[in-house]
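Asks: Have a look at this one.
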Amino acid sequence: MKNTEKAPPVSNFIRNIIIEDIKANKNDGRVITRFPPEPNGYLHIGHAKSIVLNFGLAKEFGGRCHLRFDDTNPTKEEVEYIEAIKEDVKWLGYDWGEHLYFASDYFEKLYEYAEELIRRGKAFVCDLSPEEIREYRGTLTEPGRESPYRNRSVEENLDLFRRMRAGEFPDGSRTLRAKIDMSSGNLNMRDPVIYRIMHVPHHRTGDKWCIYPMYDYTHCLSDSIEGITHSICTLEFEDHRPLYDWVLDQLPVPCHPQQIEFARLNLTYTIMSKRKLMKLVETGVVSGWDDPRMPTISGMRRRGYPPAAIRQFCEKIGVAKRDSVVDIGLLEFCVRDELNRTADRVMGVINPVKLIIENYPEGESEELEAVNNPEDPSAGTRMVPFSRELYIEREDFMEDPPKKFFRLAPGREVRLRYAYFVTCTGFKKDEDGNIVEIRATYDPATKGGDSPDGRKVKGTIHWVSAPHAIKARVRLFDRLFSVPAPERVKEGGDFTDFLNPDSLTVLDGCMLEPGLKDAAPGYVCQFERRGYFVVDEKDSVPGSPVFNRIVSLRDSWARIEKQRQQEEARKNKQKSGRKRKR
RNA sequence: UGGGGCGUCGUCAAGCGGUAAGACACGGGUCUUUGGAACCCGCAUUCGCAGGUUCGAAUCCUGCCGCCCCAGCCA
């Protein structure tokens with residue numbers, strides 16, 4: 001058994017920078033990072049990449065990672081999100097210890113810094129309207145024009161700024177702007193707004209403030225106040241780095257952290273934009289932020305993805321600056337890899353059909369021993385009941401099978417896992433031609449699944465004793481989108497055009513091993529030969545669990561079948577082609 | 001002649017002047033009481049393109065080409 005989490009860290013450019021910094025004794029060798037979410041939505045797998053990176057780096061180099069909420073815009077933020085985000089980070093396996101912070105904790109300090117900026121002639125109060133500011137900013141190719149209010153005296157600026165704070169002016173009437181360079185090719189440097197008036201209560205500071213600092217001004221100073229050494233963010237902030245550095249260069253700050261940008265995570269068949277995820281929730285396409293099909297941390301938790309698998313995935317994808325799209329198959333691989341080692345095995349029939357053992361005495365039953373996890377002997381064994389009437393998987397029987405089909409068919413012998421060899425003697429159909437019952441005889445000498453005469457059998461199928469089985473609801477999930485890049489929509493189109501209509505299948509007649517009756521919410525197991533399942537946290541009731549499929553098992557039979565069908569289709573095409581030519 | 005980034009296998013990704021790691025996917029095989037897992041083998045003579053420097057270039061230089069981001073009082 002391998003422990004994949006002990007794999008050596010993958011080299012990446014940020015880690016290399018930190019290694020060099022430590023070598024040069026920069027920051028006295030300290031490594032302090034931070035994960036700075038805005039509490040305006042739920043965390044998703046893209047955030048997990050950042051969390052694993054920031055907390056992982058801190059841990060590897062003996063430093064620490066702060067959790068800081070970037071809560072400078074009260075119109076968009078809610079406390080609900082704060083608690084959800086904390087829970088998600090904890091669940092992923094990370095601990096910020098004492099270091100839980102809020103940008104809003106620094107509002108007073110930030111305000112003082114702003115006055116200092118004014119005193120140093122580096123900021124001014126501007127009376128331009130939002131529209132005018134946009135006009136004055138210029139365009140991507142043309143320089144902007146200086147605001148007519150740019151050269152107010154320090155005294156006037158100070159007075160106006162204090163009155164802004166005091167609430168004397170309405171929303172949008174004035175701003176505090178940094179005085180940098182209206183002709184800069186970098187729009188962020190064209191006298192950016194650093195404070196705006198918003199007569200809106202804040203979820204933490206209440207009515208104390210009616211002016212709120214902007215991200216660019218707040219983030220660098222918050223980093224500095226906390227003594228952050230490496231401020232890691234995503235690529236779209238690359239253009240903001242000059243402003244990050246500018247602010248810190250103007251002020252008597254404790255330290256000057258280094259901002260480093262990396263490419264955000266994109267996943268095939270998935271959307272990652274908070275706005276779009278929010279739309280799915282609000283329009284009821286999914287049942288909520290924690291719908292098991294969502295790429296949110298809470299969705300994956302409910303889906304049954306182990307946090308270790310998500311961590312493993314985030315380590316494996318690497319960190320670079322190139323825009324990329326990771327195959328969602330890699331995430332699924334990580335989930336299977338983790339679950340294979342840790343999940344109990346159990347038998348559950350998703351799509352049941354009756355199997356009658358003709359020579360097994362009616363009304364009798366026995367208990368057979370089954371292994372709980374072949375990958376982990378310490379998981380032990382359990383007893384499962386066996387009787388004359390069983391359920392097996394409908395797809396494990398074929399009336400007229402192709403050569404490579406190793407399962408049950410008329411005259412064929414297979415092994416019932418942990419039970420007996422059985423040979424199919426017949427089957428019954430209803431008027432519509434559906435198979436309603438399969439009949440077989442068993443060989444009592446093969447109890448446990450081994451034949452004393454050394455006779456081999458090609459297939460082993462799972463089963464459940466009909467009179468003992470519990471009936472349960474099982475939900476199968478598929479990818480939410482039917483195309484690899486749902487966010488790459490054509491003009492006029494919408495990402496919802498690509499929703500997969502079959503992303504959720506609810507099955508109510510599934511038959512499971514009786515031991516599963518009282519499985520606790522959150523319990524994860526493998527239904528042998530079918531996949532990994534988790535007892536849903538929300539919809540299960542005691543004694544009646546609802547199972548979510550976490551991920552299917554790799555299915556090489558499905559691959560063989562697909563190849564065979566494609567081959568067939570190809571041949572048919574050739575045939576009809578020849579016919580047409582004649 | 002706006003600014004900032006990025007181009008290494010189908011998908012991620014190491015590589016930092018000494019002759020292309022690894023993972024997923026894919027293909028083949030061994031084994032198997034899960035068509036699972038495990039194990040073995042294969043999978044870029046070439047790094048967007050073209051020149052140049054060098055004994056030697058994915059790595060340095062020059063020029064092209066392609067893709068991404070920026071005109072919120074959002075973060």
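By convention here, the chains of the structure tokens are called A, B, ... in the order presented, each chain's residues are numbered starting at 1, and ligands are numbered starting at 1 in the order presented.
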Produce a table with one row for each residue of chain B that has an atom at most 8 Å from any atom of chain A, each row naming the nearest atom pair and its distance in Å at one decimal; use only C-alpha atoms (C1' of nucleotides); arrange rows by chain and rising residue number; format as a Markdown table.
Replies:
| residue | atom | partner | partner_atom | distance |
| --- | --- | --- | --- | --- |
| B:G2 | C1' | A:Thr141 | CA | 4.0 |
| B:G3 | C1' | A:Gly185 | CA | 4.4 |
| B:G4 | C1' | A:Asp239 | CA | 5.6 |
| B:G5 | C1' | A:Glu238 | CA | 7.7 |
| B:C6 | C1' | A:Arg322 | CA | 5.3 |
| B:U11 | C1' | A:Asp327 | CA | 5.8 |
| B:C12 | C1' | A:Ile317 | CA | 5.6 |
| B:A13 | C1' | A:Gly318 | CA | 6.4 |
| B:A14 | C1' | A:Ser11 | CA | 6.8 |
| B:A23 | C1' | A:Lys316 | CA | 6.8 |
| B:C24 | C1' | A:Leu330 | CA | 5.4 |
| B:U33 | C1' | A:Arg417 | CA | 6.0 |
| B:U34 | C1' | A:Arg529 | CA | 4.9 |
| B:G35 | C1' | A:Trp557 | CA | 5.2 |
| B:G36 | C1' | A:Leu553 | CA | 6.4 |
| B:A37 | C1' | A:Asn340 | CA | 7.2 |
| B:C68 | C1' | A:Asp323 | CA | 7.0 |
| B:C69 | C1' | A:Glu236 | CA | 5.6 |
| B:C70 | C1' | A:Asp239 | CA | 7.0 |
| B:A71 | C1' | A:Thr139 | CA | 5.1 |
| B:C73 | C1' | A:Arg196 | CA | 5.2 |
| B:C74 | C1' | A:Asn73 | CA | 7.9 |
| B:A75 | C1' | A:Tyr215 | CA | 6.4 |
Asks: Output N, CA, C and O atoms (P, O5', C5', C4', C3', O3' and C1' of nucleotides) for every residue in that selection, as a compact mmCIF listing (two decimals), in the first residue's frame.
Replies:
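Output (again20.txt):
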# COMPACT_ATOMS: atom_id res chain seq x y z
P G B 2 0.59 50.06 -29.99
O5' G B 2 0.44 50.42 -28.44
C5' G B 2 0.97 51.63 -27.94
C4' G B 2 0.62 51.76 -26.48
C3' G B 2 1.13 50.62 -25.59
O3' G B 2 2.49 50.80 -25.26
C1' G B 2 -1.13 51.03 -25.09
P G B 3 3.43 49.54 -25.03
O5' G B 3 2.92 49.01 -23.62
C5' G B 3 3.09 49.80 -22.46
C4' G B 3 2.39 49.17 -21.30
C3' G B 3 2.78 47.73 -21.00
O3' G B 3 4.01 47.65 -20.31
C1' G B 3 0.44 47.90 -20.95
P G B 4 4.93 46.36 -20.54
O5' G B 4 4.14 45.25 -19.74
C5' G B 4 3.82 45.47 -18.37
C4' G B 4 2.93 44.37 -17.89
C3' G B 4 3.45 42.97 -18.15
O3' G B 4 4.44 42.63 -17.20
C1' G B 4 1.15 43.07 -18.70
P G B 5 5.48 41.46 -17.57
O5' G B 5 4.51 40.24 -17.42
C5' G B 5 4.78 39.05 -18.12
C4' G B 5 3.61 38.14 -17.94
C3' G B 5 3.80 36.82 -18.64
O3' G B 5 4.51 35.95 -17.77
C1' G B 5 1.73 37.73 -19.29
P C B 6 5.76 35.13 -18.41
O5' C B 6 4.97 34.01 -19.22
C5' C B 6 3.98 33.23 -18.56
C4' C B 6 3.17 32.48 -19.57
C3' C B 6 3.97 31.72 -20.62
O3' C B 6 4.49 30.52 -20.08
C1' C B 6 2.20 32.84 -21.67
P U B 11 -3.28 18.93 -25.80
O5' U B 11 -3.77 18.44 -24.37
C5' U B 11 -5.13 18.59 -23.98
C4' U B 11 -5.22 18.36 -22.49
C3' U B 11 -4.25 19.18 -21.68
O3' U B 11 -4.75 20.49 -21.46
C1' U B 11 -4.16 16.94 -20.95
P C B 12 -3.76 21.65 -20.99
O5' C B 12 -3.51 21.28 -19.47
C5' C B 12 -2.25 21.53 -18.90
C4' C B 12 -2.22 20.94 -17.53
C3' C B 12 -0.90 21.21 -16.83
O3' C B 12 -0.91 22.46 -16.17
C1' C B 12 -1.33 18.90 -16.79
P A B 13 0.27 23.47 -16.43
O5' A B 13 1.55 22.63 -15.96
C5' A B 13 1.62 22.08 -14.64
C4' A B 13 2.81 21.15 -14.55
C3' A B 13 4.14 21.77 -14.90
O3' A B 13 4.64 22.48 -13.78
C1' A B 13 3.93 19.64 -15.93
P A B 14 5.95 23.37 -13.87
O5' A B 14 7.07 22.24 -13.88
C5' A B 14 8.10 22.31 -12.99
C4' A B 14 8.94 21.07 -13.07
C3' A B 14 10.37 21.35 -13.50
O3' A B 14 11.11 21.86 -12.41
C1' A B 14 9.58 19.39 -14.55
P A B 23 4.90 8.21 -13.75
O5' A B 23 3.63 9.16 -13.51
C5' A B 23 3.20 9.44 -12.18
C4' A B 23 2.04 10.38 -12.24
C3' A B 23 0.88 9.92 -13.12
O3' A B 23 0.03 9.02 -12.43
C1' A B 23 1.39 12.17 -13.61
P C B 24 -0.69 7.86 -13.25
O5' C B 24 -1.86 8.65 -14.00
C5' C B 24 -2.91 9.28 -13.25
C4' C B 24 -3.74 10.13 -14.17
C3' C B 24 -4.34 9.43 -15.37
O3' C B 24 -5.53 8.75 -15.03
C1' C B 24 -3.38 11.45 -16.07
P U B 33 -8.52 -15.88 -8.18
O5' U B 33 -10.00 -15.54 -7.72
C5' U B 33 -10.92 -15.01 -8.65
C4' U B 33 -11.99 -14.25 -7.89
C3' U B 33 -11.42 -13.21 -6.96
O3' U B 33 -12.09 -11.98 -7.19
C1' U B 33 -13.02 -14.56 -5.86
P U B 34 -11.37 -10.82 -7.93
O5' U B 34 -12.54 -9.74 -7.91
C5' U B 34 -13.89 -10.17 -8.12
C4' U B 34 -14.67 -8.99 -8.61
C3' U B 34 -14.02 -8.27 -9.80
O3' U B 34 -15.03 -7.87 -10.70
C1' U B 34 -14.27 -6.76 -7.98
P G B 35 -15.04 -8.50 -12.18
O5' G B 35 -14.06 -7.55 -13.01
C5' G B 35 -12.68 -7.86 -13.15
C4' G B 35 -12.21 -7.26 -14.47
C3' G B 35 -12.51 -5.77 -14.56
O3' G B 35 -11.44 -5.15 -15.25
C1' G B 35 -13.60 -6.96 -16.30
P G B 36 -10.26 -4.44 -14.49
O5' G B 36 -10.84 -3.82 -13.14
C5' G B 36 -11.62 -2.64 -13.15
C4' G B 36 -11.65 -2.07 -11.75
C3' G B 36 -10.29 -1.73 -11.16
O3' G B 36 -9.86 -0.44 -11.55
C1' G B 36 -11.49 -3.00 -9.59
P A B 37 -8.34 -0.14 -11.75
O5' A B 37 -7.66 -0.63 -10.37
C5' A B 37 -7.78 0.16 -9.19
C4' A B 37 -7.07 -0.55 -8.06
C3' A B 37 -5.59 -0.80 -8.28
O3' A B 37 -4.81 0.33 -7.96
C1' A B 37 -6.61 -2.78 -7.50
P C B 68 -7.63 34.23 -26.66
O5' C B 68 -7.08 34.46 -25.18
C5' C B 68 -7.30 33.47 -24.18
C4' C B 68 -6.62 33.89 -22.91
C3' C B 68 -7.00 35.28 -22.40
O3' C B 68 -8.23 35.25 -21.70
C1' C B 68 -4.66 35.03 -22.31
P C B 69 -9.14 36.58 -21.68
O5' C B 69 -8.37 37.51 -20.64
C5' C B 69 -8.21 37.10 -19.29
C4' C B 69 -7.38 38.13 -18.56
C3' C B 69 -7.86 39.56 -18.70
O3' C B 69 -8.92 39.83 -17.80
C1' C B 69 -5.53 39.48 -19.03
P C B 70 -10.00 40.94 -18.22
O5' C B 70 -9.19 42.29 -18.01
C5' C B 70 -8.83 42.71 -16.69
C4' C B 70 -8.08 44.01 -16.79
C3' C B 70 -8.82 45.12 -17.53
O3' C B 70 -9.69 45.79 -16.63
C1' C B 70 -6.57 45.00 -18.28
P A B 71 -11.16 46.15 -17.07
O5' A B 71 -10.95 47.61 -17.70
C5' A B 71 -10.47 48.66 -16.88
C4' A B 71 -10.74 49.97 -17.55
C3' A B 71 -12.19 50.21 -17.98
O3' A B 71 -12.93 50.72 -16.88
C1' A B 71 -10.74 50.74 -19.76
P C B 73 -13.89 52.65 -11.21
O5' C B 73 -14.26 53.08 -9.73
C5' C B 73 -13.74 52.36 -8.63
C4' C B 73 -14.72 52.45 -7.48
C3' C B 73 -16.04 51.76 -7.75
O3' C B 73 -16.37 51.01 -6.59
C1' C B 73 -16.39 54.01 -7.10
P C B 74 -17.17 49.65 -6.64
O5' C B 74 -16.24 48.68 -7.51
C5' C B 74 -15.21 47.94 -6.92
C4' C B 74 -15.68 46.55 -6.65
C3' C B 74 -14.69 45.64 -6.00
O3' C B 74 -14.69 45.82 -4.61
C1' C B 74 -15.73 44.55 -7.83
P A B 75 -13.31 45.90 -3.81
O5' A B 75 -12.82 44.39 -3.84
C5' A B 75 -13.58 43.36 -3.21
C4' A B 75 -13.06 42.03 -3.70
C3' A B 75 -11.57 41.83 -3.52
O3' A B 75 -11.26 41.34 -2.23
C1' A B 75 -12.17 41.28 -5.74
Asks: Between B:C9, B:A25, B:C31, B:C65, single out the one closest to C49 in chain B, counting only C-alpha atoms (C1' of nucleotides).
Replies: B:C65
Asks: I'd like the interatomic distance between CA of Arg64 in chain A and CA of Glu315 in chain A, to a tenth of an Å.
Replies: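 Computing the Euclidean distance for CA of Arg64 in chain A and CA of Glu315 in chain A yields 18.4 Å.
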Asks: Could you tell me, as a JSON list (two decimals) with N, CA and C atoms, in the first residue's frame, which residues of range 171-285 of chain A DSSP assigns to strand (DSSP E) when given the backbone?
Replies:
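Heads up, here's the output in states.json:
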[["chain", "number", "residue", "atom", "x", "y", "z"],
["A", 175, "THR", "N", -14.45, 60.60, -4.29],
["A", 175, "THR", "CA", -13.58, 59.45, -4.00],
["A", 175, "THR", "C", -12.24, 59.97, -3.54],
["A", 176, "LEU", "N", -11.48, 59.08, -2.91],
["A", 176, "LEU", "CA", -10.09, 59.41, -2.66],
["A", 176, "LEU", "C", -9.30, 58.65, -3.71],
["A", 177, "ARG", "N", -8.43, 59.36, -4.39],
["A", 177, "ARG", "CA", -7.66, 58.73, -5.45],
["A", 177, "ARG", "C", -6.16, 58.84, -5.20],
["A", 178, "ALA", "N", -5.44, 57.81, -5.61],
["A", 178, "ALA", "CA", -3.98, 57.87, -5.53],
["A", 178, "ALA", "C", -3.50, 58.76, -6.67],
["A", 193, "VAL", "N", -8.92, 54.90, -7.84],
["A", 193, "VAL", "CA", -9.74, 55.20, -6.67],
["A", 193, "VAL", "C", -9.28, 54.28, -5.54],
["A", 194, "ILE", "N", -9.06, 54.81, -4.36],
["A", 194, "ILE", "CA", -8.70, 53.94, -3.24],
["A", 194, "ILE", "C", -9.74, 53.96, -2.10],
["A", 195, "TYR", "N", -10.61, 54.97, -2.11],
["A", 195, "TYR", "CA", -11.73, 54.98, -1.16],
["A", 195, "TYR", "C", -12.98, 55.44, -1.86],
["A", 196, "ARG", "N", -14.10, 54.80, -1.57],
["A", 196, "ARG", "CA", -15.36, 55.25, -2.13],
["A", 196, "ARG", "C", -16.37, 55.40, -0.99],
["A", 197, "ILE", "N", -17.38, 56.24, -1.26],
["A", 197, "ILE", "CA", -18.42, 56.47, -0.25],
["A", 197, "ILE", "C", -19.54, 55.46, -0.46],
["A", 211, "ILE", "N", -17.28, 55.08, 4.35],
["A", 211, "ILE", "CA", -16.31, 55.03, 3.25],
["A", 211, "ILE", "C", -15.59, 53.71, 3.39],
["A", 212, "TYR", "N", -15.34, 53.09, 2.27],
["A", 212, "TYR", "CA", -14.68, 51.78, 2.28],
["A", 212, "TYR", "C", -13.49, 51.76, 1.32],
["A", 213, "PRO", "N", -12.39, 51.16, 1.74],
["A", 213, "PRO", "CA", -11.20, 51.12, 0.89],
["A", 213, "PRO", "C", -11.34, 50.10, -0.23],
["A", 230, "HIS", "N", 5.16, 36.22, 1.25],
["A", 230, "HIS", "CA", 4.87, 35.90, -0.14],
["A", 230, "HIS", "C", 3.36, 35.97, -0.34],
["A", 231, "SER", "N", 2.93, 36.93, -1.14],
["A", 231, "SER", "CA", 1.51, 37.17, -1.36],
["A", 231, "SER", "C", 1.13, 36.57, -2.71],
["A", 232, "ILE", "N", 0.59, 35.37, -2.63],
["A", 232, "ILE", "CA", 0.34, 34.61, -3.86],
["A", 232, "ILE", "C", -1.09, 34.81, -4.35],
["A", 233, "CYS", "N", -1.22, 35.21, -5.61],
["A", 233, "CYS", "CA", -2.54, 35.44, -6.17],
["A", 233, "CYS", "C", -2.58, 34.96, -7.60],
["A", 234, "THR", "N", -3.71, 35.15, -8.27],
["A", 234, "THR", "CA", -3.85, 34.63, -9.63],
["A", 234, "THR", "C", -3.43, 35.66, -10.68],
["A", 258, "GLN", "N", 6.14, 40.20, -1.23],
["A", 258, "GLN", "CA", 6.31, 40.02, -2.67],
["A", 258, "GLN", "C", 5.06, 39.36, -3.24],
["A", 259, "GLN", "N", 4.43, 40.04, -4.19],
["A", 259, "GLN", "CA", 3.26, 39.44, -4.84],
["A", 259, "GLN", "C", 3.73, 38.53, -5.97],
["A", 260, "ILE", "N", 3.22, 37.32, -5.99],
["A", 260, "ILE", "CA", 3.56, 36.35, -7.04],
["A", 260, "ILE", "C", 2.26, 35.80, -7.61],
["A", 261, "GLU", "N", 2.18, 35.77, -8.94],
["A", 261, "GLU", "CA", 0.94, 35.33, -9.57],
["A", 261, "GLU", "C", 1.09, 33.97, -10.25],
["A", 262, "PHE", "N", 0.02, 33.17, -10.14],
["A", 262, "PHE", "CA", 0.00, 31.86, -10.83],
["A", 262, "PHE", "C", -1.33, 31.71, -11.55]]
Asks: What's around Tyr101 in chain A at 12 Å? Count only C-alpha atoms (C1' of nucleotides), leave out sequence neighbours fewer than 4 positions away in its own chain, and write the answer as a list of chain:residue names.
Replies: A:Arg34, A:Phe35, A:Pro36, A:Pro37, A:Glu38, A:Cys65, A:His66, A:Leu67, A:Arg68, A:Phe69, A:Asp70, A:Asp71, A:Ile82, A:Lys86, A:Trp96, A:Gly97, A:Asp105, A:Tyr106, A:Arg204, A:Ser222, A:Asp223, A:Ile225, A:Glu226
Asks: Between C1' of A38 in chain B and CA of Ala343 in chain A, what is the distance, to one decimal in Å?
Replies: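 Interatomic distance here is 16.7 Å.
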Asks: Expressed in Å to a single decimal, how great is the separation between CA of Asp443 in chain A and CA of Pro402 in chain A?
Replies: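 Those two atoms sit 25.2 Å apart.
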Asks: Which neighbours of A58 in chain B fall inside 12 Å, counting only C-alpha atoms (C1' of nucleotides), when residues of the same chain fewer than 5 positions from it are skipped, and could you give them as a list of chain:residue names?
Replies: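 Close residues of A58 in chain B: B:G7, B:U8, B:A14, B:G15, B:C16, B:G17, B:U19, B:A20, B:A44, B:U46, B:C47, B:G48.
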Asks: Which polymer residues have any atom within 8 Å of an atom of Lys122 in chain A, counting only C-alpha atoms (C1' of nucleotides), with same-chain residues fewer than 4 positions away left out, as an mmCIF file with all heavy atoms, in the first residue's frame?
Replies:
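File out-v8.cif, as written:
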data_model
loop_
_atom_site.group_PDB
_atom_site.id
_atom_site.type_symbol
_atom_site.label_atom_id
_atom_site.label_comp_id
_atom_site.auth_asym_id
_atom_site.auth_seq_id
_atom_site.Cartn_x
_atom_site.Cartn_y
_atom_site.Cartn_z
ATOM 1 N N LEU A 117 -1.011 59.388 3.186
ATOM 2 C CA LEU A 117 -0.817 59.491 1.736
ATOM 3 C C LEU A 117 -1.165 60.906 1.273
ATOM 4 O O LEU A 117 -0.451 61.517 0.471
ATOM 5 C CB LEU A 117 -1.733 58.472 1.043
ATOM 6 C CG LEU A 117 -1.208 57.594 -0.099
ATOM 7 C CD1 LEU A 117 0.218 57.120 0.133
ATOM 8 C CD2 LEU A 117 -2.144 56.413 -0.293
ATOM 9 N N ILE A 118 -2.260 61.442 1.817
ATOM 10 C CA ILE A 118 -2.680 62.810 1.476
ATOM 11 C C ILE A 118 -1.604 63.798 1.921
ATOM 12 O O ILE A 118 -1.186 64.677 1.156
ATOM 13 C CB ILE A 118 -4.026 63.150 2.143
ATOM 14 C CG1 ILE A 118 -5.148 62.307 1.525
ATOM 15 C CG2 ILE A 118 -4.337 64.638 1.993
ATOM 16 C CD1 ILE A 118 -6.485 62.413 2.265
ATOM 17 N N ALA A 178 -5.436 57.811 -5.607
ATOM 18 C CA ALA A 178 -3.984 57.866 -5.531
ATOM 19 C C ALA A 178 -3.504 58.763 -6.667
ATOM 20 O O ALA A 178 -4.098 58.792 -7.738
ATOM 21 C CB ALA A 178 -3.400 56.474 -5.679
ATOM 22 N N LYS A 179 -2.462 59.526 -6.429
ATOM 23 C CA LYS A 179 -1.930 60.422 -7.452
ATOM 24 C C LYS A 179 -0.712 59.752 -8.077
ATOM 25 O O LYS A 179 0.380 59.763 -7.511
ATOM 26 C CB LYS A 179 -1.531 61.755 -6.791
ATOM 27 C CG LYS A 179 -1.378 62.899 -7.765
ATOM 28 C CD LYS A 179 -0.859 64.142 -7.073
ATOM 29 C CE LYS A 179 -1.943 64.834 -6.220
ATOM 30 N NZ LYS A 179 -1.438 66.163 -5.711
ATOM 31 N N ILE A 180 -0.928 59.123 -9.218
ATOM 32 C CA ILE A 180 0.188 58.371 -9.811
ATOM 33 C C ILE A 180 0.511 58.892 -11.211
ATOM 34 O O ILE A 180 1.326 59.796 -11.352
ATOM 35 C CB ILE A 180 -0.094 56.849 -9.823
ATOM 36 C CG1 ILE A 180 -0.552 56.386 -8.408
ATOM 37 C CG2 ILE A 180 1.179 56.089 -10.200
ATOM 38 C CD1 ILE A 180 -0.855 54.909 -8.291
ATOM 39 N N GLN A 250 5.077 54.160 -0.800
ATOM 40 C CA GLN A 250 4.778 55.531 -0.366
ATOM 41 C C GLN A 250 4.660 55.665 1.144
ATOM 42 O O GLN A 250 4.752 56.764 1.682
ATOM 43 C CB GLN A 250 3.448 56.024 -0.970
ATOM 44 C CG GLN A 250 3.307 55.867 -2.454
ATOM 45 C CD GLN A 250 4.513 56.385 -3.224
ATOM 46 O OE1 GLN A 250 4.989 57.495 -2.967
ATOM 47 N NE2 GLN A 250 5.020 55.575 -4.133
#
Asks: Can you work out which one of A:Glu98, A:Asp245, A:Glu393, A:Glu132 has the shortest atom-to-atom distance to Met189 in chain A, counting only C-alpha atoms?
Replies: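 For Met189 in chain A, the nearest of the given residues is A:Asp245.
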Asks: With only C-alpha atoms (C1' of nucleotides) as the counted atoms, please give the residues lying no more than 12 Å from range 21-26 of chain A, apart from itself and same-chain residues fewer than 3 positions off, as a PyMOL selection string.
Replies: chain A and resi 14-18+29-31+61-63+229-230+255-258
